[in-house]
file my_file18.cif (mmCIF, N, CA, C and O atoms)
data_input
#
loop_
_atom_site.label_atom_id
_atom_site.label_comp_id
_atom_site.auth_asym_id
_atom_site.auth_seq_id
_atom_site.Cartn_x
_atom_site.Cartn_y
_atom_site.Cartn_z
N MET A 1 112.71 88.31 91.31
CA MET A 1 113.28 89.57 90.88
C MET A 1 113.00 90.63 91.94
O MET A 1 112.00 90.59 92.64
N LEU A 2 113.87 91.60 92.00
CA LEU A 2 113.71 92.69 92.94
C LEU A 2 112.71 93.72 92.44
O LEU A 2 112.52 93.90 91.24
N PHE A 3 112.09 94.42 93.38
CA PHE A 3 111.18 95.51 93.10
C PHE A 3 111.92 96.58 92.30
O PHE A 3 113.07 96.83 92.58
N PRO A 4 111.41 97.19 91.27
CA PRO A 4 110.02 97.18 90.82
C PRO A 4 109.72 96.08 89.81
O PRO A 4 108.57 95.91 89.43
N ALA A 5 110.72 95.33 89.34
CA ALA A 5 110.47 94.29 88.35
C ALA A 5 109.79 93.06 88.95
O ALA A 5 109.10 92.32 88.26
N GLY A 6 109.97 92.84 90.23
CA GLY A 6 109.42 91.66 90.88
C GLY A 6 108.84 92.00 92.24
O GLY A 6 108.68 93.16 92.59
N ILE A 7 108.59 90.96 93.04
CA ILE A 7 107.94 91.16 94.34
C ILE A 7 108.93 91.31 95.49
O ILE A 7 108.54 91.69 96.59
N LEU A 8 110.20 91.02 95.26
CA LEU A 8 111.18 91.08 96.34
C LEU A 8 111.69 92.49 96.56
O LEU A 8 111.98 93.22 95.61
N ARG A 9 111.81 92.88 97.82
CA ARG A 9 112.36 94.20 98.16
C ARG A 9 113.88 94.12 98.33
O ARG A 9 114.57 95.12 98.23
N GLU A 10 114.38 92.93 98.64
CA GLU A 10 115.80 92.67 98.81
C GLU A 10 116.11 91.30 98.22
O GLU A 10 115.21 90.48 98.07
N PRO A 11 117.38 91.02 97.95
CA PRO A 11 117.71 89.67 97.46
C PRO A 11 117.45 88.63 98.56
O PRO A 11 117.50 88.94 99.75
N LEU A 12 117.19 87.40 98.17
CA LEU A 12 116.92 86.34 99.14
C LEU A 12 118.07 86.14 100.12
O LEU A 12 117.86 85.75 101.26
N THR A 13 119.28 86.42 99.68
CA THR A 13 120.43 86.26 100.57
C THR A 13 120.35 87.19 101.78
O THR A 13 120.97 86.92 102.81
N ALA A 14 119.57 88.27 101.70
CA ALA A 14 119.40 89.20 102.83
C ALA A 14 118.63 88.54 103.97
O ALA A 14 118.65 89.05 105.10
N LEU A 15 117.97 87.41 103.71
CA LEU A 15 117.21 86.72 104.76
C LEU A 15 118.10 86.20 105.88
O LEU A 15 117.61 85.93 106.97
N LYS A 16 119.40 86.08 105.63
CA LYS A 16 120.29 85.59 106.69
C LYS A 16 120.32 86.55 107.88
O LYS A 16 120.68 86.15 108.98
N ARG A 17 119.93 87.82 107.68
CA ARG A 17 119.87 88.81 108.77
C ARG A 17 118.58 88.71 109.58
O ARG A 17 118.47 89.30 110.66
N ALA A 18 117.61 88.01 109.07
CA ALA A 18 116.26 88.02 109.67
C ALA A 18 116.20 87.25 110.98
O ALA A 18 116.84 86.21 111.15
N ASP A 19 115.41 87.79 111.91
CA ASP A 19 115.09 87.09 113.15
C ASP A 19 113.81 86.28 112.97
O ASP A 19 113.58 85.30 113.67
N ALA A 20 112.97 86.71 112.05
CA ALA A 20 111.72 86.02 111.70
C ALA A 20 111.32 86.48 110.30
O ALA A 20 111.66 87.57 109.87
N VAL A 21 110.58 85.60 109.60
CA VAL A 21 110.11 85.92 108.25
C VAL A 21 108.60 85.75 108.24
O VAL A 21 108.07 84.75 108.73
N LEU A 22 107.89 86.73 107.68
CA LEU A 22 106.44 86.68 107.58
C LEU A 22 106.06 86.73 106.10
O LEU A 22 106.36 87.70 105.42
N LEU A 23 105.44 85.66 105.62
CA LEU A 23 104.96 85.60 104.24
C LEU A 23 103.50 86.01 104.24
O LEU A 23 102.64 85.30 104.75
N THR A 24 103.22 87.19 103.69
CA THR A 24 101.85 87.69 103.66
C THR A 24 101.12 87.13 102.45
O THR A 24 101.72 86.69 101.48
N ARG A 25 99.80 87.14 102.54
CA ARG A 25 98.92 86.62 101.48
C ARG A 25 99.28 85.18 101.12
O ARG A 25 99.16 84.78 99.97
N SER A 26 99.71 84.42 102.08
CA SER A 26 100.12 83.04 101.82
C SER A 26 98.95 82.17 101.35
O SER A 26 99.17 81.14 100.72
N ASP A 27 97.72 82.59 101.63
CA ASP A 27 96.56 81.83 101.18
C ASP A 27 96.42 81.89 99.66
O ASP A 27 95.68 81.11 99.07
N ARG A 28 97.14 82.78 98.99
CA ARG A 28 97.09 82.88 97.54
C ARG A 28 98.11 81.98 96.86
O ARG A 28 98.14 81.87 95.65
N SER A 29 98.97 81.34 97.64
CA SER A 29 99.99 80.45 97.09
C SER A 29 99.42 79.05 96.91
O SER A 29 98.67 78.57 97.76
N GLU A 30 99.77 78.41 95.82
CA GLU A 30 99.27 77.06 95.57
C GLU A 30 99.97 76.03 96.45
O GLU A 30 99.42 74.99 96.73
N ASN A 31 101.21 76.31 96.87
CA ASN A 31 101.94 75.36 97.69
C ASN A 31 102.71 76.12 98.77
O ASN A 31 103.89 76.42 98.61
N VAL A 32 102.04 76.41 99.87
CA VAL A 32 102.63 77.20 100.95
C VAL A 32 103.82 76.48 101.57
O VAL A 32 104.83 77.11 101.88
N LEU A 33 103.72 75.17 101.75
CA LEU A 33 104.83 74.44 102.36
C LEU A 33 106.10 74.54 101.52
O LEU A 33 107.19 74.74 102.05
N GLN A 34 105.96 74.43 100.21
CA GLN A 34 107.12 74.56 99.33
C GLN A 34 107.69 75.98 99.40
O GLN A 34 108.91 76.16 99.43
N LEU A 35 106.83 76.96 99.46
CA LEU A 35 107.27 78.35 99.58
C LEU A 35 108.04 78.57 100.87
O LEU A 35 109.11 79.18 100.89
N LYS A 36 107.52 78.04 101.98
CA LYS A 36 108.20 78.16 103.26
C LYS A 36 109.56 77.47 103.24
O LYS A 36 110.54 77.99 103.77
N GLU A 37 109.62 76.31 102.60
CA GLU A 37 110.90 75.59 102.50
C GLU A 37 111.91 76.37 101.66
O GLU A 37 113.09 76.44 101.99
N SER A 38 111.44 76.95 100.57
CA SER A 38 112.32 77.73 99.70
C SER A 38 112.91 78.93 100.45
O SER A 38 114.11 79.20 100.36
N VAL A 39 112.06 79.63 101.18
CA VAL A 39 112.53 80.78 101.95
C VAL A 39 113.43 80.31 103.09
O VAL A 39 114.48 80.90 103.36
N GLY A 40 113.05 79.22 103.73
CA GLY A 40 113.82 78.68 104.84
C GLY A 40 115.24 78.27 104.47
O GLY A 40 116.13 78.24 105.32
N ALA A 41 115.47 77.98 103.19
CA ALA A 41 116.81 77.61 102.74
C ALA A 41 117.78 78.78 102.83
O ALA A 41 118.99 78.58 102.82
N PHE A 42 117.27 80.01 102.96
CA PHE A 42 118.12 81.20 103.02
C PHE A 42 118.26 81.76 104.43
O PHE A 42 118.93 82.77 104.62
N THR A 43 117.59 81.15 105.42
CA THR A 43 117.62 81.69 106.77
C THR A 43 117.40 80.58 107.79
O THR A 43 116.78 79.56 107.49
N GLY A 44 117.89 80.82 108.98
CA GLY A 44 117.62 79.91 110.09
C GLY A 44 116.45 80.41 110.93
O GLY A 44 116.06 79.78 111.91
N ALA A 45 115.89 81.54 110.54
CA ALA A 45 114.79 82.16 111.28
C ALA A 45 113.49 81.41 111.05
O ALA A 45 113.30 80.79 109.99
N PRO A 46 112.58 81.45 112.01
CA PRO A 46 111.27 80.84 111.78
C PRO A 46 110.52 81.58 110.67
O PRO A 46 110.63 82.79 110.53
N VAL A 47 109.76 80.82 109.87
CA VAL A 47 109.00 81.38 108.76
C VAL A 47 107.52 81.23 109.08
O VAL A 47 107.03 80.12 109.27
N PHE A 48 106.82 82.35 109.15
CA PHE A 48 105.40 82.38 109.47
C PHE A 48 104.60 82.77 108.23
O PHE A 48 105.12 83.41 107.32
N THR A 49 103.33 82.40 108.22
CA THR A 49 102.45 82.78 107.12
C THR A 49 101.30 83.62 107.67
O THR A 49 100.94 83.51 108.84
N ALA A 50 100.75 84.46 106.80
CA ALA A 50 99.64 85.32 107.19
C ALA A 50 98.72 85.51 106.00
O ALA A 50 99.12 85.37 104.85
N ARG A 51 97.47 85.83 106.30
CA ARG A 51 96.51 86.18 105.26
C ARG A 51 95.68 87.34 105.77
O ARG A 51 95.55 87.54 106.97
N TYR A 52 95.17 88.12 104.84
CA TYR A 52 94.33 89.26 105.20
C TYR A 52 92.89 88.78 105.31
O TYR A 52 92.41 88.03 104.47
N SER A 53 92.22 89.24 106.33
CA SER A 53 90.83 88.88 106.53
C SER A 53 90.11 90.07 107.17
O SER A 53 90.48 90.49 108.26
N PRO A 54 89.11 90.63 106.48
CA PRO A 54 88.41 91.78 107.07
C PRO A 54 87.70 91.37 108.35
O PRO A 54 87.13 90.28 108.44
N ARG A 55 87.77 92.23 109.35
CA ARG A 55 87.17 91.94 110.64
C ARG A 55 86.06 92.89 110.99
O ARG A 55 84.98 92.48 111.40
N ASP A 56 86.33 94.16 110.88
CA ASP A 56 85.38 95.19 111.27
C ASP A 56 85.46 96.36 110.29
O ASP A 56 86.40 96.46 109.50
N LEU A 57 84.48 97.24 110.39
CA LEU A 57 84.49 98.51 109.67
C LEU A 57 84.83 99.60 110.68
O LEU A 57 84.27 99.62 111.77
N VAL A 58 85.74 100.48 110.31
CA VAL A 58 86.13 101.56 111.21
C VAL A 58 85.91 102.89 110.52
O VAL A 58 86.41 103.12 109.43
N ASN A 59 85.16 103.76 111.15
CA ASN A 59 84.96 105.12 110.66
C ASN A 59 86.21 105.89 111.06
O ASN A 59 86.44 106.14 112.25
N VAL A 60 87.05 106.27 110.08
CA VAL A 60 88.31 106.92 110.40
C VAL A 60 88.12 108.32 110.98
O VAL A 60 89.02 108.84 111.62
N SER A 61 86.97 108.92 110.79
CA SER A 61 86.70 110.25 111.36
C SER A 61 86.33 110.18 112.82
O SER A 61 86.75 111.01 113.63
N THR A 62 85.51 109.18 113.19
CA THR A 62 84.99 109.11 114.55
C THR A 62 85.59 107.98 115.39
O THR A 62 85.47 107.99 116.60
N GLY A 63 86.20 107.00 114.73
CA GLY A 63 86.73 105.85 115.45
C GLY A 63 85.67 104.79 115.73
O GLY A 63 85.95 103.76 116.32
N GLU A 64 84.43 105.05 115.30
CA GLU A 64 83.34 104.09 115.52
C GLU A 64 83.66 102.78 114.79
O GLU A 64 84.08 102.78 113.64
N ILE A 65 83.42 101.67 115.47
CA ILE A 65 83.66 100.34 114.90
C ILE A 65 82.34 99.62 114.75
O ILE A 65 81.53 99.60 115.68
N ARG A 66 82.11 99.06 113.58
CA ARG A 66 80.90 98.29 113.30
C ARG A 66 81.28 96.93 112.72
O ARG A 66 82.31 96.80 112.06
N PRO A 67 80.41 95.93 112.89
CA PRO A 67 80.69 94.62 112.30
C PRO A 67 80.50 94.68 110.78
O PRO A 67 79.78 95.54 110.26
N LEU A 68 81.12 93.77 110.06
CA LEU A 68 80.98 93.72 108.61
C LEU A 68 79.53 93.55 108.18
O LEU A 68 79.12 94.04 107.14
N ALA A 69 78.75 92.86 109.01
CA ALA A 69 77.34 92.63 108.69
C ALA A 69 76.56 93.94 108.53
O ALA A 69 75.49 93.96 107.94
N PHE A 70 77.11 95.03 109.03
CA PHE A 70 76.48 96.34 108.88
C PHE A 70 76.25 96.69 107.40
O PHE A 70 75.31 97.40 107.06
N LEU A 71 77.08 96.16 106.52
CA LEU A 71 76.97 96.45 105.08
C LEU A 71 75.97 95.57 104.35
O LEU A 71 75.64 95.85 103.20
N ALA A 72 75.47 94.55 104.99
CA ALA A 72 74.56 93.61 104.33
C ALA A 72 73.37 94.35 103.72
O ALA A 72 72.70 95.14 104.37
N GLY A 73 73.16 94.14 102.42
CA GLY A 73 72.04 94.72 101.71
C GLY A 73 72.20 96.19 101.35
O GLY A 73 71.28 96.79 100.81
N LYS A 74 73.37 96.77 101.64
CA LYS A 74 73.60 98.18 101.33
C LYS A 74 74.52 98.31 100.13
O LYS A 74 75.44 97.51 99.94
N PRO A 75 74.30 99.33 99.30
CA PRO A 75 75.24 99.57 98.21
C PRO A 75 76.57 100.08 98.77
O PRO A 75 76.58 100.85 99.73
N VAL A 76 77.65 99.60 98.21
CA VAL A 76 78.98 99.96 98.70
C VAL A 76 79.86 100.34 97.52
O VAL A 76 79.80 99.71 96.46
N PHE A 77 80.64 101.38 97.69
CA PHE A 77 81.63 101.77 96.69
C PHE A 77 83.00 101.50 97.28
O PHE A 77 83.31 101.92 98.39
N ALA A 78 83.82 100.76 96.54
CA ALA A 78 85.18 100.46 97.00
C ALA A 78 86.17 101.08 96.04
O ALA A 78 85.97 101.07 94.82
N PHE A 79 87.26 101.62 96.58
CA PHE A 79 88.28 102.26 95.76
C PHE A 79 89.64 101.75 96.20
O PHE A 79 89.93 101.67 97.39
N ALA A 80 90.47 101.38 95.22
CA ALA A 80 91.84 100.95 95.52
C ALA A 80 92.79 101.83 94.71
O ALA A 80 92.72 101.86 93.49
N GLY A 81 93.65 102.53 95.38
CA GLY A 81 94.62 103.40 94.71
C GLY A 81 95.95 102.72 94.53
O GLY A 81 96.99 103.30 94.80
N ILE A 82 95.91 101.47 94.08
CA ILE A 82 97.14 100.71 93.84
C ILE A 82 97.14 100.19 92.41
O ILE A 82 96.09 100.04 91.80
N ALA A 83 98.32 99.93 91.90
CA ALA A 83 98.47 99.56 90.48
C ALA A 83 97.77 98.26 90.12
O ALA A 83 97.10 98.16 89.10
N ARG A 84 97.92 97.24 90.94
CA ARG A 84 97.29 95.95 90.66
C ARG A 84 96.41 95.57 91.85
O ARG A 84 96.87 94.94 92.79
N PRO A 85 95.14 95.93 91.80
CA PRO A 85 94.27 95.74 92.95
C PRO A 85 93.67 94.34 93.08
O PRO A 85 92.71 94.15 93.81
N ASP A 86 94.21 93.35 92.38
CA ASP A 86 93.63 92.00 92.41
C ASP A 86 93.45 91.46 93.82
O ASP A 86 92.42 90.88 94.14
N SER A 87 94.47 91.63 94.68
CA SER A 87 94.34 91.08 96.03
C SER A 87 93.29 91.84 96.82
O SER A 87 92.58 91.26 97.64
N PHE A 88 93.15 93.15 96.57
CA PHE A 88 92.13 93.95 97.24
C PHE A 88 90.74 93.48 96.81
O PHE A 88 89.86 93.27 97.64
N VAL A 89 90.55 93.29 95.52
CA VAL A 89 89.27 92.82 94.99
C VAL A 89 88.95 91.43 95.55
O VAL A 89 87.84 91.15 95.97
N SER A 90 89.96 90.57 95.60
CA SER A 90 89.78 89.23 96.15
C SER A 90 89.33 89.29 97.61
O SER A 90 88.47 88.53 98.04
N LEU A 91 89.90 90.21 98.35
CA LEU A 91 89.53 90.39 99.76
C LEU A 91 88.07 90.79 99.88
O LEU A 91 87.34 90.30 100.74
N LEU A 92 87.62 91.66 98.97
CA LEU A 92 86.22 92.10 98.99
C LEU A 92 85.27 90.97 98.62
O LEU A 92 84.10 90.99 99.00
N GLU A 93 85.76 90.01 97.86
CA GLU A 93 84.91 88.91 97.40
C GLU A 93 84.97 87.69 98.32
O GLU A 93 84.52 86.62 97.96
N THR A 94 85.48 87.86 99.53
CA THR A 94 85.51 86.76 100.48
C THR A 94 84.09 86.32 100.78
O THR A 94 83.15 87.10 100.62
N PRO A 95 83.90 85.07 101.21
CA PRO A 95 82.55 84.59 101.50
C PRO A 95 81.80 85.55 102.41
O PRO A 95 82.34 86.08 103.37
N GLY A 96 80.56 85.80 102.04
CA GLY A 96 79.73 86.70 102.83
C GLY A 96 79.74 88.11 102.31
O GLY A 96 78.98 88.94 102.76
N SER A 97 80.61 88.40 101.34
CA SER A 97 80.63 89.75 100.77
C SER A 97 79.94 89.72 99.42
O SER A 97 79.70 88.67 98.84
N TYR A 98 79.61 90.88 98.90
CA TYR A 98 78.92 90.98 97.62
C TYR A 98 79.59 92.05 96.78
O TYR A 98 79.96 93.10 97.27
N ARG A 99 79.74 91.77 95.52
CA ARG A 99 80.28 92.77 94.60
C ARG A 99 79.48 92.74 93.32
O ARG A 99 79.34 91.69 92.69
N ASP A 100 78.96 93.87 92.92
CA ASP A 100 78.23 93.98 91.67
C ASP A 100 79.23 93.98 90.54
O ASP A 100 80.03 94.90 90.40
N ARG A 101 79.22 92.94 89.72
CA ARG A 101 80.22 92.80 88.66
C ARG A 101 80.10 93.85 87.58
O ARG A 101 80.96 94.00 86.76
N ASN A 102 79.00 94.62 87.57
CA ASN A 102 78.84 95.67 86.56
C ASN A 102 79.38 97.01 87.04
O ASN A 102 79.41 97.96 86.28
N SER A 103 79.83 97.08 88.29
CA SER A 103 80.34 98.34 88.79
C SER A 103 81.87 98.33 88.75
O SER A 103 82.49 97.30 88.54
N CYS A 104 82.44 99.47 88.95
CA CYS A 104 83.89 99.61 88.93
C CYS A 104 84.44 99.57 90.35
O CYS A 104 83.82 100.06 91.27
N LEU A 105 85.60 99.00 90.48
CA LEU A 105 86.32 99.05 91.76
C LEU A 105 87.56 99.85 91.57
O LEU A 105 88.18 99.83 90.57
#
call {"tool": "encode", "arguments": {"input": "my_file18.cif", "output": "structure tokens"}}
result
Amino acid sequence: MLFPAGILREPLTALKRADAVLLTRSDRSENVLQLKESVGAFTGAPVFTARYSPRDLVNVSTGEIRPLAFLAGKPVFAFAGIARPDSFVSLLETPGSYRDRNSCL
């Protein structure tokens, strides 16, 4: 279904215009190969997959970059200003991260 009822921004037939297709958060799909084949049926363009993975911490005020390990053992408050933050929460719970289940995100 198309947005806002579904996840698609355009109908699948619009893929015929694409030079390349990028499927984001593909690591959340149970069958990525089937998903790629389904999308590929609507386009001759190459279909790529991507996943989000935190790399560094960036201070947006100063531009200072620190490794994720900088947060080890420190209390952290996370805020997501999106309607369904499940993927954001999942990203925070990647191996090596910690989330206090009694706190709010």
call {"tool": "residues_around", "arguments": {"input": "my_file18.cif", "residues": "Ala50 of chain A", "least_positions_apart": "6", "cutoff": "6 Å", "atoms": "only C-alpha atoms", "output": "list in words"}}
result
Thr24, Arg25 and Ser26 of chain A
call {"tool": "closest_residue", "arguments": {"input": "my_file18.cif", "among": "A:Arg84, A:Arg51, A:Glu10, A:Ser61", "to": "Arg28 of chain A", "atoms": "all atoms listed in the file"}}
result
A:Arg51
call {"tool": "closest_residue", "arguments": {"input": "my_file18.cif", "among": "A:Ala41, A:Val60, A:Leu91, A:Leu68", "to": "Leu12 of chain A", "atoms": "only N, CA, C and O atoms"}}
result
A:Ala41
call {"tool": "resolve_selection", "arguments": {"input": "my_file18.cif", "expression": "the PyMOL selection byres ((chain A and resi 19) around 5)", "output": "ChimeraX atom specification"}}
result
/A:17-18,20-21,45-46
call {"tool": "resolve_selection", "arguments": {"input": "my_file18.cif", "expression": "the PyMOL selection byres ((chain A and resi 55) around 5)", "output": "PyMOL selection string"}}
result
chain A and resi 53-54+56-57+67-68
call {"tool": "atom_distance", "arguments": {"input": "my_file18.cif", "atom1": "atom C of Lys74 of chain A", "atom2": "atom N of Asp27 of chain A"}}
result
28.1 Å
call {"tool": "atom_distance", "arguments": {"input": "my_file18.cif", "atom1": "atom N of Val47 of chain A", "atom2": "atom C of Val32 of chain A"}}
result
11.1 Å
call {"tool": "axis_aligned_box", "arguments": {"input": "my_file18.cif", "around": "segment 72-78 of chain A", "padding_each_side": "8 Å", "output": "JSON"}}
result
{"center_x": 78.7, "center_y": 97.8, "center_z": 99.9, "size_x": 30.9, "size_y": 24.3, "size_z": 26.2}
call {"tool": "select_by_dssp", "arguments": {"input": "my_file18.cif", "residues": "chain A", "states": "strand (DSSP E or B)", "output": "list in words"}}
result
Leu2, Leu8, Val21, Leu22, Leu23, Val47, Phe48, Thr49, Asp56, Leu57, Val58, Ile65, Arg66 and Pro67 of chain A
call {"tool": "select_by_dssp", "arguments": {"input": "my_file18.cif", "residues": "chain A", "states": "helix (DSSP H, G or I)", "output": "MDAnalysis selection string"}}
result
chainID A and resid 12:17 26:28 32:40 68:71 86:92
call {"tool": "residues_around", "arguments": {"input": "my_file18.cif", "residues": "Lys16 of chain A", "least_positions_apart": "3", "cutoff": "8 Å", "atoms": "only C-alpha atoms", "output": "ChimeraX atom specification"}}
result
/A:13,42-45
call {"tool": "decode", "arguments": {"input": "my_file18.cif", "residues": "segment 4-23 of chain A", "atoms": "C-alpha atoms", "output": "CSV table (one decimal), in the first residue's frame"}}
result
chain,number,residue,atom,x,y,z
A,4,PRO,CA,0.4,6.9,4.6
A,5,ALA,CA,-1.5,3.6,4.7
A,6,GLY,CA,1.6,1.5,3.8
A,7,ILE,CA,5.4,1.7,3.4
A,8,LEU,CA,5.5,2.5,-0.4
A,9,ARG,CA,6.0,6.1,-1.5
A,10,GLU,CA,5.0,5.2,-5.1
A,11,PRO,CA,3.4,2.3,-6.8
A,12,LEU,CA,5.7,-0.6,-7.7
A,13,THR,CA,5.2,0.1,-11.4
A,14,ALA,CA,7.2,3.3,-10.8
A,15,LEU,CA,10.3,1.1,-10.4
A,16,LYS,CA,10.6,0.9,-14.2
A,17,ARG,CA,12.1,4.5,-14.1
A,18,ALA,CA,14.8,3.5,-11.6
A,19,ASP,CA,18.5,3.3,-12.4
A,20,ALA,CA,19.1,1.5,-9.1
A,21,VAL,CA,17.0,0.3,-6.1
A,22,LEU,CA,18.1,0.4,-2.5
A,23,LEU,CA,16.1,-1.6,0.1
